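Shown below: input-v1.txt, with compact mmCIF, C-alpha atoms and all ligand atoms.
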```
# COMPACT_ATOMS: atom_id res chain seq x y z
CA MET A 21 130.28 116.59 107.17
CA THR A 22 127.56 113.97 106.81
CA THR A 23 128.68 110.60 105.48
CA VAL A 24 126.83 109.67 102.31
CA VAL A 25 124.90 106.45 102.83
CA GLY A 26 123.48 104.74 99.77
CA ARG A 27 121.95 101.41 98.98
CA LEU A 28 121.70 98.92 96.20
CA ALA A 29 118.16 97.62 96.41
CA PRO A 30 117.52 95.15 93.61
CA SER A 31 114.37 93.09 93.46
CA PRO A 32 115.11 89.45 92.76
CA THR A 33 112.09 88.95 90.51
CA GLY A 34 113.10 89.18 86.92
CA LEU A 35 116.86 89.02 87.49
CA LEU A 36 119.14 91.90 86.65
CA HIS A 37 119.37 93.24 83.12
CA VAL A 38 121.74 95.77 81.63
CA GLY A 39 119.51 98.67 82.67
CA ASN A 40 119.43 97.57 86.32
CA ALA A 41 123.20 97.09 86.22
CA ARG A 42 123.67 100.66 85.02
CA SER A 43 121.59 102.14 87.86
CA LEU A 44 123.40 99.96 90.41
CA LEU A 45 126.82 100.97 89.09
CA LEU A 46 125.86 104.63 89.19
CA ALA A 47 124.59 104.41 92.78
CA TRP A 48 127.75 102.57 93.78
CA LEU A 49 130.18 104.99 92.08
CA ALA A 50 128.39 108.03 93.54
CA VAL A 51 128.75 106.73 97.09
CA ARG A 52 132.33 105.56 96.65
CA HIS A 53 133.27 108.92 95.11
CA ALA A 54 131.85 110.67 98.18
CA GLY A 55 133.74 108.31 100.51
CA GLY A 56 130.46 107.03 101.92
CA ARG A 57 128.94 103.65 102.70
CA ILE A 58 126.69 101.57 100.50
CA HIS A 59 124.54 98.68 101.69
CA LEU A 60 122.83 95.89 99.82
CA ARG A 61 119.14 95.30 100.43
CA VAL A 62 117.22 92.55 98.70
CA GLU A 63 113.66 93.67 98.03
CA ASP A 64 111.98 90.29 98.07
CA LEU A 65 108.52 91.24 99.37
CA LEU A 66 106.78 89.83 96.37
CA PRO A 67 103.17 88.75 96.43
CA ASP A 68 103.93 85.76 94.22
CA GLY A 69 107.06 84.81 96.17
CA ASP A 70 109.02 84.43 92.92
CA VAL A 71 112.48 84.97 94.34
CA HIS A 72 115.81 84.07 92.74
CA LEU A 73 118.21 85.08 95.47
CA PRO A 74 121.23 82.92 94.49
CA ALA A 75 121.03 84.15 90.89
CA LEU A 76 120.77 87.76 92.05
CA LEU A 77 123.83 87.41 94.28
CA ALA A 78 125.74 85.73 91.46
CA ASP A 79 124.85 88.62 89.11
CA LEU A 80 126.03 91.19 91.64
CA ALA A 81 129.27 89.33 92.29
CA TRP A 82 129.92 89.13 88.54
CA LEU A 83 129.25 92.83 88.11
CA GLY A 84 131.76 93.42 90.91
CA LEU A 85 130.29 96.09 93.19
CA PRO A 86 131.19 95.13 96.76
CA CYS A 87 128.91 96.64 99.41
CA ASP A 88 129.46 97.46 103.06
CA PRO A 89 127.95 95.19 105.70
CA TRP A 90 125.00 96.50 107.66
CA GLN A 91 124.87 95.51 111.32
CA GLY A 92 127.28 92.69 110.61
CA GLN A 93 125.28 91.26 107.71
CA ALA A 94 126.43 91.19 104.10
CA PHE A 95 122.93 92.21 103.02
CA ILE A 96 119.46 92.51 104.42
CA ARG A 97 116.30 90.88 103.10
CA GLN A 98 112.97 92.60 103.37
CA SER A 99 111.24 89.24 103.75
CA GLU A 100 112.97 88.88 107.14
CA ARG A 101 111.77 92.25 108.46
CA ALA A 102 108.03 91.67 108.76
CA ALA A 103 108.03 92.15 112.55
CA LEU A 104 109.40 95.69 112.23
CA TYR A 105 106.97 96.66 109.47
CA ASP A 106 104.01 95.21 111.39
CA ALA A 107 104.96 97.01 114.62
CA LEU A 108 105.17 100.34 112.81
CA LEU A 109 101.88 99.73 110.99
CA ALA A 110 100.21 98.94 114.33
CA GLY A 111 101.46 102.25 115.70
CA LEU A 112 100.20 104.14 112.66
CA LEU A 113 96.83 102.39 112.92
CA THR A 114 96.49 103.47 116.56
CA ARG A 115 97.24 107.06 115.56
CA GLY A 116 94.73 106.97 112.71
CA GLU A 117 97.47 107.54 110.12
CA VAL A 118 96.44 104.30 108.42
CA TYR A 119 93.01 102.68 108.23
CA PRO A 120 91.54 99.38 107.08
CA CYS A 121 90.13 99.23 103.55
CA VAL A 122 87.85 96.52 102.17
CA CYS A 123 87.49 97.93 98.65
CA THR A 124 87.96 95.78 95.61
CA ARG A 125 89.37 97.14 92.37
CA LYS A 126 85.81 97.21 91.05
CA ASP A 127 84.55 99.24 94.06
CA ILE A 128 87.27 101.82 93.49
CA ASP A 129 86.53 102.11 89.76
CA LEU A 130 82.81 102.50 90.41
CA ALA A 131 83.29 105.11 93.15
CA ALA A 132 85.62 107.12 90.93
CA ARG A 133 83.44 106.89 87.79
CA ALA A 134 82.83 110.34 86.28
CA PRO A 135 83.74 113.08 85.86
CA HIS A 136 87.33 111.96 85.24
CA ALA A 137 86.63 108.41 84.11
CA GLU A 138 89.21 108.49 81.33
CA ASP A 139 92.10 109.60 83.57
CA LYS A 140 95.14 107.36 83.34
CA ALA A 141 95.03 105.76 86.77
CA THR A 142 92.25 105.82 89.30
CA ALA A 143 93.15 107.59 92.52
CA TYR A 144 91.65 105.88 95.54
CA PRO A 145 88.64 108.03 96.47
CA GLY A 146 88.91 107.50 100.23
CA THR A 147 85.83 105.30 100.59
CA CYS A 148 87.00 103.57 103.78
CA ARG A 149 88.58 106.59 105.50
CA GLY A 150 86.71 106.83 108.83
CA ARG A 151 84.42 103.94 107.83
CA PHE A 152 85.42 101.30 110.41
CA GLY A 153 86.13 101.61 114.13
CA SER A 154 88.79 98.90 114.02
CA GLU A 155 90.50 96.37 111.78
CA ALA A 156 88.32 93.64 113.35
CA GLU A 157 85.20 95.54 112.33
CA ALA A 158 86.45 95.83 108.76
CA LEU A 159 87.26 92.13 108.69
CA ALA A 160 83.78 91.25 109.98
CA PHE A 161 82.30 93.41 107.21
CA GLU A 162 84.39 91.65 104.57
CA ARG A 163 83.42 88.20 105.92
CA GLN A 164 79.74 89.02 105.82
CA ARG A 165 79.93 90.45 102.32
CA ALA A 166 81.91 87.46 101.10
CA ALA A 167 79.28 85.09 102.55
CA GLU A 168 76.50 87.02 100.81
CA GLU A 169 78.38 86.92 97.54
CA GLY A 170 79.25 83.24 97.97
CA ARG A 171 83.02 83.68 97.74
CA PRO A 172 85.91 83.14 100.15
CA ALA A 173 86.61 86.15 102.41
CA LEU A 174 89.78 88.14 101.78
CA GLY A 175 91.79 90.04 104.36
CA VAL A 176 91.64 93.79 104.70
CA ALA A 177 94.21 96.18 103.32
CA LEU A 178 95.69 99.10 105.24
CA ARG A 179 95.87 102.53 103.60
CA LEU A 180 97.89 105.54 104.62
CA VAL A 181 96.08 108.89 104.77
CA VAL A 182 97.92 111.14 102.30
CA PRO A 183 98.26 114.89 102.93
CA ASP A 184 95.98 117.37 101.17
CA ALA A 185 98.87 119.79 100.75
CA PRO A 186 101.17 119.26 97.75
CA VAL A 187 104.30 117.19 98.39
CA THR A 188 107.44 118.77 96.98
CA PHE A 189 110.99 117.55 96.53
CA THR A 190 113.92 118.20 94.25
CA ASP A 191 115.45 115.49 92.12
CA LEU A 192 119.08 116.01 91.15
CA LEU A 193 118.38 115.32 87.47
CA HIS A 194 114.68 116.15 87.10
CA GLY A 195 114.62 119.31 89.21
CA PRO A 196 111.80 120.46 91.51
CA GLN A 197 108.77 118.17 91.68
CA THR A 198 105.28 118.76 93.06
CA VAL A 199 102.77 115.96 93.61
CA ARG A 200 99.18 116.29 94.74
CA LEU A 201 98.64 112.86 96.24
CA PRO A 202 94.84 113.00 96.70
CA ASP A 203 94.51 113.35 92.89
CA ASP A 204 97.54 111.29 91.99
CA SER A 205 97.21 108.08 94.02
CA GLY A 206 94.75 108.79 96.80
CA ASP A 207 95.41 107.08 100.14
CA ILE A 208 98.21 104.57 99.63
CA VAL A 209 98.09 100.83 100.30
CA VAL A 210 100.75 100.09 102.90
CA ARG A 211 99.65 96.53 103.62
CA ARG A 212 97.94 94.34 101.07
CA LYS A 213 94.86 92.23 101.65
CA ASP A 214 97.03 89.11 101.85
CA GLY A 215 98.80 90.64 104.88
CA GLY A 216 102.02 91.38 102.98
CA VAL A 217 103.62 94.78 103.47
CA ALA A 218 103.54 97.01 100.41
CA TYR A 219 106.79 97.91 98.68
CA MET A 220 106.10 101.62 99.17
CA PHE A 221 106.11 101.26 102.93
CA ALA A 222 108.98 98.80 103.35
CA VAL A 223 111.32 100.91 101.21
CA VAL A 224 110.87 103.96 103.43
CA VAL A 225 111.15 102.02 106.69
CA ASP A 226 114.36 100.39 105.51
CA ASP A 227 115.91 103.55 104.10
CA TRP A 228 115.21 105.26 107.41
CA ALA A 229 116.46 102.34 109.53
CA MET A 230 119.64 102.00 107.45
CA GLY A 231 120.33 105.74 107.53
CA VAL A 232 120.17 106.00 103.73
CA ASN A 233 120.52 109.63 102.67
CA GLN A 234 121.14 109.23 98.95
CA VAL A 235 118.70 107.30 96.75
CA VAL A 236 119.81 106.61 93.19
CA ARG A 237 117.43 104.53 91.09
CA GLY A 238 115.64 104.26 87.76
CA ASP A 239 113.36 107.12 86.81
CA ASP A 240 110.35 104.80 86.62
CA LEU A 241 110.20 105.40 90.38
CA LEU A 242 110.16 109.21 90.15
CA GLU A 243 106.38 109.23 90.15
CA VAL A 244 106.06 107.28 93.42
CA THR A 245 108.63 109.33 95.34
CA GLY A 246 105.88 111.68 96.59
CA GLN A 247 104.07 108.67 98.04
CA GLN A 248 107.25 107.60 99.81
CA LEU A 249 107.64 111.09 101.25
CA ALA A 250 104.11 110.80 102.67
CA VAL A 251 105.22 107.60 104.40
CA TYR A 252 108.26 109.42 105.81
CA ALA A 253 106.01 112.18 107.17
CA ALA A 254 103.68 109.70 108.89
CA LEU A 255 106.62 107.82 110.44
CA GLN A 256 108.07 111.09 111.72
CA ARG A 257 104.84 111.75 113.61
CA LEU A 258 104.97 108.25 115.10
CA SER A 259 108.10 108.63 117.30
CA ALA A 260 108.48 104.85 117.31
CA SER A 261 111.07 103.18 119.49
CA GLU A 262 111.67 100.64 116.71
CA LEU A 263 113.37 103.21 114.47
CA PRO A 264 116.58 105.16 115.06
CA ALA A 265 116.32 108.96 115.31
CA PHE A 266 115.26 110.66 112.07
CA GLN A 267 118.30 111.79 110.10
CA GLY A 268 116.53 113.80 107.41
CA LEU A 269 115.10 112.91 104.03
CA PRO A 270 117.36 111.37 101.42
CA SER A 271 118.42 113.21 98.30
CA TYR A 272 116.91 111.66 95.18
CA VAL A 273 118.44 110.92 91.81
CA HIS A 274 116.20 109.23 89.25
CA VAL A 275 118.27 107.97 86.37
CA PRO A 276 116.98 107.70 82.81
CA LEU A 277 116.44 104.06 81.97
CA VAL A 278 118.10 101.95 79.32
CA LEU A 279 115.95 101.39 76.24
CA GLY A 280 116.04 98.34 74.01
CA ASP A 281 115.82 98.15 70.21
CA ASP A 282 112.04 98.50 70.41
CA GLY A 283 112.44 101.87 72.16
CA ARG A 284 110.95 100.46 75.35
CA ARG A 285 112.63 100.17 78.73
CA LEU A 286 114.56 96.98 79.25
CA ALA A 287 112.48 94.62 81.35
CA LYS A 288 111.93 91.00 82.22
CA ARG A 289 111.03 90.21 78.62
CA ASN A 290 114.54 91.12 77.40
CA ALA A 291 115.88 87.77 78.59
CA SER A 292 118.98 87.90 76.39
CA LEU A 293 120.08 91.09 78.19
CA HIS A 294 119.96 89.60 81.67
CA LEU A 295 123.33 89.49 83.35
CA GLY A 296 123.00 85.74 83.81
CA ALA A 297 122.51 85.29 80.07
CA LEU A 298 125.50 87.52 79.25
CA ARG A 299 127.64 85.59 81.72
CA GLU A 300 126.60 82.25 80.27
CA THR A 301 127.34 83.34 76.72
CA GLY A 302 130.86 84.30 77.76
CA VAL A 303 130.63 88.09 77.81
CA PRO A 304 133.50 89.27 80.02
CA ALA A 305 132.26 91.37 82.97
CA GLN A 306 134.84 94.05 82.16
CA ARG A 307 133.31 94.50 78.68
CA LEU A 308 129.90 95.13 80.17
CA ARG A 309 131.36 97.46 82.81
CA ALA A 310 133.20 99.41 80.11
CA TRP A 311 129.93 99.93 78.23
CA LEU A 312 128.12 100.93 81.41
CA VAL A 313 130.82 103.37 82.45
CA THR A 314 130.81 104.98 78.99
CA SER A 315 127.02 105.25 79.15
CA LEU A 316 127.45 107.22 82.39
CA GLY A 317 129.59 109.78 80.54
CA MET A 318 132.93 108.50 81.82
CA SER A 319 136.01 106.99 80.21
CA PRO A 320 136.16 103.21 80.60
CA SER A 321 138.89 101.87 82.84
CA GLU A 322 139.45 98.63 84.69
CA ASP A 323 140.99 100.62 87.50
CA PHE A 324 138.15 101.09 89.94
CA ALA A 325 140.10 103.71 91.91
CA SER A 326 140.39 105.98 88.89
CA LEU A 327 136.69 105.43 87.98
CA ILE A 328 135.69 106.44 91.50
CA ASP A 329 137.97 109.44 91.27
CA ASP A 330 136.59 110.48 87.86
CA PHE A 331 132.96 110.22 88.82
CA ALA A 332 130.91 113.42 88.50
CA TRP A 333 127.15 113.87 88.40
CA SER A 334 127.62 116.56 85.76
CA ARG A 335 128.88 113.98 83.24
CA LEU A 336 125.76 111.90 83.45
CA PRO A 337 123.66 112.06 80.25
CA ARG A 338 120.19 113.42 80.93
CA THR A 339 118.52 111.32 78.26
CA PRO A 340 117.81 107.58 78.07
CA VAL A 341 120.56 105.41 76.63
CA HIS A 342 120.09 102.56 74.21
CA PHE A 343 121.25 98.96 74.49
CA GLY A 344 120.23 96.50 71.81
CA VAL A 345 121.53 93.85 69.44
CA GLU A 346 124.40 96.02 68.18
CA GLN A 347 125.62 96.92 71.67
CA LEU A 348 125.33 93.28 72.69
CA ARG A 349 127.40 92.29 69.66
CA GLN A 350 130.07 94.83 70.57
CA ILE A 351 130.53 93.66 74.14
CA SER A 352 130.35 89.98 73.07
CA ARG A 353 133.00 90.27 70.34
CA THR A 354 136.08 88.25 71.19
CA THR A 355 139.35 90.12 71.43
CA GLY A 356 142.41 89.38 69.28
CA GLY A 357 144.14 86.05 69.92
CA ARG A 358 141.07 84.41 71.37
CA PRO A 359 138.89 82.03 69.34
ZN ZN B 1 88.31 101.09 100.82
```

Go ahead and render the structure in this file as structure tokens.
Amino acid sequence: MTTVVGRLAPSPTGLLHVGNARSLLLAWLAVRHAGGRIHLRVEDLLPDGDVHLPALLADLAWLGLPCDPWQGQAFIRQSERAALYDALLAGLLTRGEVYPCVCTRKDIDLAARAPHAEDKATAYPGTCRGRFGSEAEALAFERQRAAEEGRPALGVALRLVVPDAPVTFTDLLHGPQTVRLPDDSGDIVVRRKDGGVAYMFAVVVDDWAMGVNQVVRGDDLLEVTGQQLAVYAALQRLSASELPAFQGLPSYVHVPLVLGDDGRRLAKRNASLHLGALRETGVPAQRLRAWLVTSLGMSPSEDFASLIDDFAWSRLPRTPVHFGVEQLRQISRTTGGRP
């Protein structure tokens, strides 16, 4: 039987809120229930470099979800893995799976204008596919254009050629999914113009390298899963020595998010619902865990062994759950005998 391998992959940008904590707890319980391993990966590839690693680690420690080391490390940081990402991108470039792109946002909007101008997001129309013989040629083009326009030259992005055929997968909660990437996203940015590796690429490389076979995360990422599967497919054709043998695609579970009083997903703006804020206002971690466990359809218990035992996907509510002022008041309320 295959060992279940999961990961907790928080981004240290906006710090963890109650909604993030719920997804992390779910991913953790699912792996522990299956007797598998779960690794911690810090997704700190942020263009603005706004990283709060100590606060993130403090939040995780407070929440109390110990992870398994990976290759002797307590956790891995994407910001330390640039050499691996770059080597794989170089291989994909050689194979023509990725290509340099000099388009600006404005170029893409203009090229895509009509007949679907009012569509929600603009799929990249493939302007630079087959346009340049090399990255150096694309860079020379960008430098010349920048000089003509009297602005500083930018770098060139790299885009992955997406398949014409529909990408299909099955999500445990959302069922069978079909995505037509040429209409949905177009060719995907895998390296930004500033040279930084795109989230979409790094996630797949790391899941593959870590042997992750079960991905549990918020359902805001359901719509980009097809793009990640396109990255998997390109990497499979690469046969790179940098990656271990392919173990198969992960199973996907996209969890309904936690909504605030305004009916919107909890986010950075809900500062009072960040774990750090709860901790500082004296909310006991076990109170938060009890609420989270209940929201996952289980009976609250401080006994982690019985929680792990009780876990079942079938108990998980299929609809978003709500956490607002009233729920905050409930978990903040002091118990009898305490001031
Ligand atoms: Zn382009």

Open item on the list: For Ala160 of chain A, find every residue with an atom within 12 Å (counting only C-alpha atoms), except residues of its own chain fewer than 3 positions away, and show them as a VMD selection string.
Closed with: chain A and resid 120 122 152 to 157 163 to 167 173 to 176

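Each of A:Ala102, A:Leu308, A:Leu109, A:Val209 was compared to Cys148 of chain A using all atoms listed in the file, and A:Val209 turns out to be the nearest.
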
Contacts of chain A with ligand ZN 1 (chain B) up to 9 Å, shortest pair per row, only C-alpha atoms and all ligand atoms, as CSV:
```
residue,atom,partner,partner_atom,distance
A:Tyr119,CA,B:ZN1,ZN,8.9
A:Pro120,CA,B:ZN1,ZN,7.2
A:Cys121,CA,B:ZN1,ZN,3.8
A:Val122,CA,B:ZN1,ZN,4.8
A:Cys123,CA,B:ZN1,ZN,3.9
A:Thr124,CA,B:ZN1,ZN,7.4
A:Asp127,CA,B:ZN1,ZN,8.0
A:Ile128,CA,B:ZN1,ZN,7.4
A:Tyr144,CA,B:ZN1,ZN,7.9
A:Pro145,CA,B:ZN1,ZN,8.2
A:Gly146,CA,B:ZN1,ZN,6.5
A:Thr147,CA,B:ZN1,ZN,4.9
A:Cys148,CA,B:ZN1,ZN,4.1
A:Arg149,CA,B:ZN1,ZN,7.2
A:Arg151,CA,B:ZN1,ZN,8.5
A:Val176,CA,B:ZN1,ZN,8.9
A:Ala177,CA,B:ZN1,ZN,8.1
A:Leu178,CA,B:ZN1,ZN,8.8
A:Arg179,CA,B:ZN1,ZN,8.2
```

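Note that atom CA of Gly268 of chain A and atom CA of Leu242 of chain A are 19.0 Å apart.
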
Task: Contacts of segment 201-208 of chain A within 12 Å, only C-alpha atoms, excl. fewer than 3 positions in-chain, as a PyMOL selection string - done: chain A and resi 117-121+128+132+136+139-149+177-188+198+211-212+217-221+243-251+254

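In terms of minimum interatomic distance to Ala253 of chain A, A:Leu112 ranks closest within A:Met21, A:Leu28, A:Ser321, A:Leu112, counting all atoms listed in the file.
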
Task: Residues near Arg237 of chain A, cut-off 7 Å, all atoms listed in the file, skip fewer than 5 positions along chain, as a list in words - done: Ser43, Val273, His274 and Val275 of chain A

Open item on the list: Report, in Å to a single decimal, how far apart atom CA of Trp48 of chain A and atom CA of Leu76 of chain A are.
Closed with: 16.5 Å
